[in-house]
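> What follows is a structure written as structure tokens; I'll ask about it next.
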Amino acid sequence: MTNITPLPESEAIDKTAQTYSRIKELLESDTVPEPFLVYGRVQPFLQDFYMNFKKFVHSDGKLDARQKCILGLAVSGHYANGWWIRFFSNRLTELGGSADQVPEIIAVASTNAMYNAFFKFRDISGSDVFNGMSVGLRAHTFGSTSLDDSMVELINIVISDLNGCKPCTSGHVSRARDLGLSDEAILEAVQCGATMAAGLQFLKAAGA
């Protein structure tokens, strides 16, 4: 059930129409993709998402476009949004990645979510007794994919942040620094994930 209907290009006016045009130019598309039409119902949100998407998700920065694409895919998988999963999957191959990496990226994010659930419980349980107990959870996925260690850590940081797991987030930030990632690159990964989280949350609430 759709709670918010898309705003067609034919009905867009003023700033919304201008932003639609910029989206088509950015994505080199003849039409405005469906999610952006849903965002178009709230012009300020559409504009914010477009500007954040362009800077923190789509373009090179402290992280390159392929790294950001991988993070976008991980977050899209976390929110189980088919349209954005397909978008980032296609973009990944365009940027030189492999289609075989798509399930790997989702698997890393999913494995991280498992650890988030465990360590967040330890953190908020109100008891130190669990800290002395074995984790017992297997996670060969982190070190057994075609993704390099730095990319795995960036995914882990973003998903841990979205899941609100403090010990996991701080641990993965420390590991990322040890691997040579700058604080600016780590922050940009979070900005990328946060941007996509906003767009995906809007679509989830919209029933789109």
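Ordering of the structure tokens sets the chain letters (A, B, ...); residue numbers start at 1 within each chain; ligands are numbered from 1 in the order shown.
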Can you build me a table of segment 146-173 of chain A residues sitting at most 12 Å from segment 49-64 of chain A, with the closest atom pair per residue and its distance in Å to one decimal, using only C-alpha atoms, sorted by chain and residue number, as a Markdown table?


| residue | atom | partner | partner_atom | distance |
| --- | --- | --- | --- | --- |
| A:Ser150 | CA | A:Leu63 | CA | 11.1 |
| A:Met151 | CA | A:Leu63 | CA | 10.2 |
| A:Leu154 | CA | A:Leu63 | CA | 10.2 |

> Taking a cut-off of 10 Å and counting only C-alpha atoms, can you build a table that, for each residue of segment 66-127 of chain A near segment 23-47 of chain A, reports the nearest atom pair and how far apart they are in Å (one decimal), sorted by chain then residue number, as a Markdown table?


| residue | atom | partner | partner_atom | distance |
| --- | --- | --- | --- | --- |
| A:Trp83 | CA | A:Pro35 | CA | 8.0 |
| A:Trp84 | CA | A:Pro35 | CA | 8.4 |
| A:Phe87 | CA | A:Pro33 | CA | 9.8 |

> In Å, with one decimal, what is the gap from atom CA of Phe202 of chain A to atom CA of Leu7 of chain A?

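Distance between the two atoms: 14.3 Å.
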
> Rounded to one decimal in Å, what is the spacing between atom CA of Asn112 of chain A and atom CA of Gly96 of chain A?

25.0 Å

> Skip Ser110 of chain A itself and residues of its chain fewer than 4 positions away, then list as a PyMOL selection string all residues within 8 Å of it, counting only C-alpha atoms.

chain A and resi 78+106+114

> Keeping only C-alpha atoms, write the selected residues as a PDB file, in the first residue's frame.


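New file out.pdb:
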ATOM      1  CA  HIS A  78      19.846  -3.124   5.461  1.00  0.00           C
ATOM      2  CA  ILE A 106      24.885  -7.652   1.771  1.00  0.00           C
ATOM      3  CA  MET A 114      24.372 -10.014  14.047  1.00  0.00           C
TER       4      MET A 114
END

> Please list as a PDB file with N, CA and C atoms, in the first residue's frame every residue within 12 Å of Asp148 of chain A, counting only C-alpha atoms and excluding residues in the same chain fewer than 2 positions away.


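Below is the file that was written, selection_8.pdb:
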ATOM      1  N   GLN A  67      33.569   3.055  -3.673  1.00  0.00           N
ATOM      2  CA  GLN A  67      33.429   2.782  -2.240  1.00  0.00           C
ATOM      3  C   GLN A  67      32.077   3.271  -1.723  1.00  0.00           C
ATOM      4  N   ILE A  70      29.293   0.957  -2.805  1.00  0.00           N
ATOM      5  CA  ILE A  70      29.236  -0.230  -1.950  1.00  0.00           C
ATOM      6  C   ILE A  70      28.513   0.082  -0.641  1.00  0.00           C
ATOM      7  N   GLN A 101      30.026  -9.352  -6.208  1.00  0.00           N
ATOM      8  CA  GLN A 101      30.245  -8.650  -4.945  1.00  0.00           C
ATOM      9  C   GLN A 101      28.940  -8.209  -4.280  1.00  0.00           C
ATOM     10  N   GLU A 104      27.999 -10.458  -1.528  1.00  0.00           N
ATOM     11  CA  GLU A 104      29.045 -10.352  -0.512  1.00  0.00           C
ATOM     12  C   GLU A 104      28.850  -9.113   0.355  1.00  0.00           C
ATOM     13  N   ILE A 105      28.523  -7.999  -0.281  1.00  0.00           N
ATOM     14  CA  ILE A 105      28.313  -6.741   0.442  1.00  0.00           C
ATOM     15  C   ILE A 105      27.142  -6.876   1.412  1.00  0.00           C
ATOM     16  N   VAL A 108      28.173  -9.111   4.346  1.00  0.00           N
ATOM     17  CA  VAL A 108      28.999  -8.430   5.349  1.00  0.00           C
ATOM     18  C   VAL A 108      28.119  -7.569   6.253  1.00  0.00           C
ATOM     19  N   THR A 141      32.667 -14.468   7.354  1.00  0.00           N
ATOM     20  CA  THR A 141      32.287 -13.592   6.242  1.00  0.00           C
ATOM     21  C   THR A 141      33.170 -12.355   6.172  1.00  0.00           C
ATOM     22  N   PHE A 142      33.522 -11.788   7.316  1.00  0.00           N
ATOM     23  CA  PHE A 142      34.302 -10.551   7.328  1.00  0.00           C
ATOM     24  C   PHE A 142      35.633 -10.687   6.583  1.00  0.00           C
ATOM     25  N   GLY A 143      36.242 -11.860   6.662  1.00  0.00           N
ATOM     26  CA  GLY A 143      37.562 -12.013   6.046  1.00  0.00           C
ATOM     27  C   GLY A 143      37.594 -12.944   4.860  1.00  0.00           C
ATOM     28  N   SER A 144      36.433 -13.315   4.330  1.00  0.00           N
ATOM     29  CA  SER A 144      36.399 -14.334   3.277  1.00  0.00           C
ATOM     30  C   SER A 144      35.641 -13.898   2.031  1.00  0.00           C
ATOM     31  N   THR A 145      35.634 -12.603   1.757  1.00  0.00           N
ATOM     32  CA  THR A 145      35.005 -12.107   0.532  1.00  0.00           C
ATOM     33  C   THR A 145      36.068 -11.414  -0.320  1.00  0.00           C
ATOM     34  N   SER A 146      35.661 -10.939  -1.486  1.00  0.00           N
ATOM     35  CA  SER A 146      36.589 -10.225  -2.371  1.00  0.00           C
ATOM     36  C   SER A 146      36.798  -8.775  -1.937  1.00  0.00           C
ATOM     37  N   SER A 150      39.657  -2.662   4.409  1.00  0.00           N
ATOM     38  CA  SER A 150      39.201  -1.291   4.631  1.00  0.00           C
ATOM     39  C   SER A 150      37.728  -1.136   4.262  1.00  0.00           C
ATOM     40  N   MET A 151      37.323  -1.761   3.156  1.00  0.00           N
ATOM     41  CA  MET A 151      35.928  -1.654   2.727  1.00  0.00           C
ATOM     42  C   MET A 151      35.014  -2.372   3.706  1.00  0.00           C
ATOM     43  N   VAL A 152      35.450  -3.520   4.194  1.00  0.00           N
ATOM     44  CA  VAL A 152      34.652  -4.245   5.188  1.00  0.00           C
ATOM     45  C   VAL A 152      34.458  -3.388   6.436  1.00  0.00           C
ATOM     46  N   GLU A 153      35.524  -2.721   6.878  1.00  0.00           N
ATOM     47  CA  GLU A 153      35.411  -1.887   8.076  1.00  0.00           C
ATOM     48  C   GLU A 153      34.486  -0.691   7.855  1.00  0.00           C
ATOM     49  N   LEU A 154      34.526  -0.108   6.666  1.00  0.00           N
ATOM     50  CA  LEU A 154      33.625   1.014   6.380  1.00  0.00           C
ATOM     51  C   LEU A 154      32.168   0.570   6.417  1.00  0.00           C
ATOM     52  N   ILE A 155      31.890  -0.600   5.847  1.00  0.00           N
ATOM     53  CA  ILE A 155      30.524  -1.145   5.926  1.00  0.00           C
ATOM     54  C   ILE A 155      30.145  -1.366   7.389  1.00  0.00           C
ATOM     55  N   ALA A 176      39.501   0.692  11.557  1.00  0.00           N
ATOM     56  CA  ALA A 176      39.647   1.428  10.304  1.00  0.00           C
ATOM     57  C   ALA A 176      40.850   2.362  10.347  1.00  0.00           C
ATOM     58  N   LEU A 179      43.997   0.543   9.844  1.00  0.00           N
ATOM     59  CA  LEU A 179      44.187   0.165   8.448  1.00  0.00           C
ATOM     60  C   LEU A 179      44.599   1.348   7.578  1.00  0.00           C
TER      61      LEU A 179
END

> Just to confirm, what's the straight-line distance from atom CA of Ser76 of chain A to atom CA of Gly97 of chain A in Å (one decimal)?

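Atom-to-atom, atom CA of Ser76 of chain A and atom CA of Gly97 of chain A are spaced 17.1 Å apart.
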
> Which residue, A:Arg22, A:Lys15, A:His140, A:Lys68, has the smallest gap to Glu188 of chain A when you use only C-alpha atoms?

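Selected residue with least distance to Glu188 of chain A: A:Lys68.
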
> Excluding segment 157-161 of chain A and any residue of its chain fewer than 2 positions from it, enumerate the residues within 7 Å of it, using only C-alpha atoms, and give them as a PyMOL selection string.

chain A and resi 109+113+116+153-155+163-165+168-169+172-173+189-190+193

> As a PyMOL selection string, please: every residue in segment 50-85 of chain A that DSSP puts in alpha helix (DSSP H).

chain A and resi 50-52+65-78+82-85

> Go through A:Ala197, A:Val129, A:Leu162, A:Ala65 and flag the residue nearest Glu94 of chain A, using only C-alpha atoms for the distances.

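Using only C-alpha atoms, the shortest distance to Glu94 of chain A belongs to A:Ala65.
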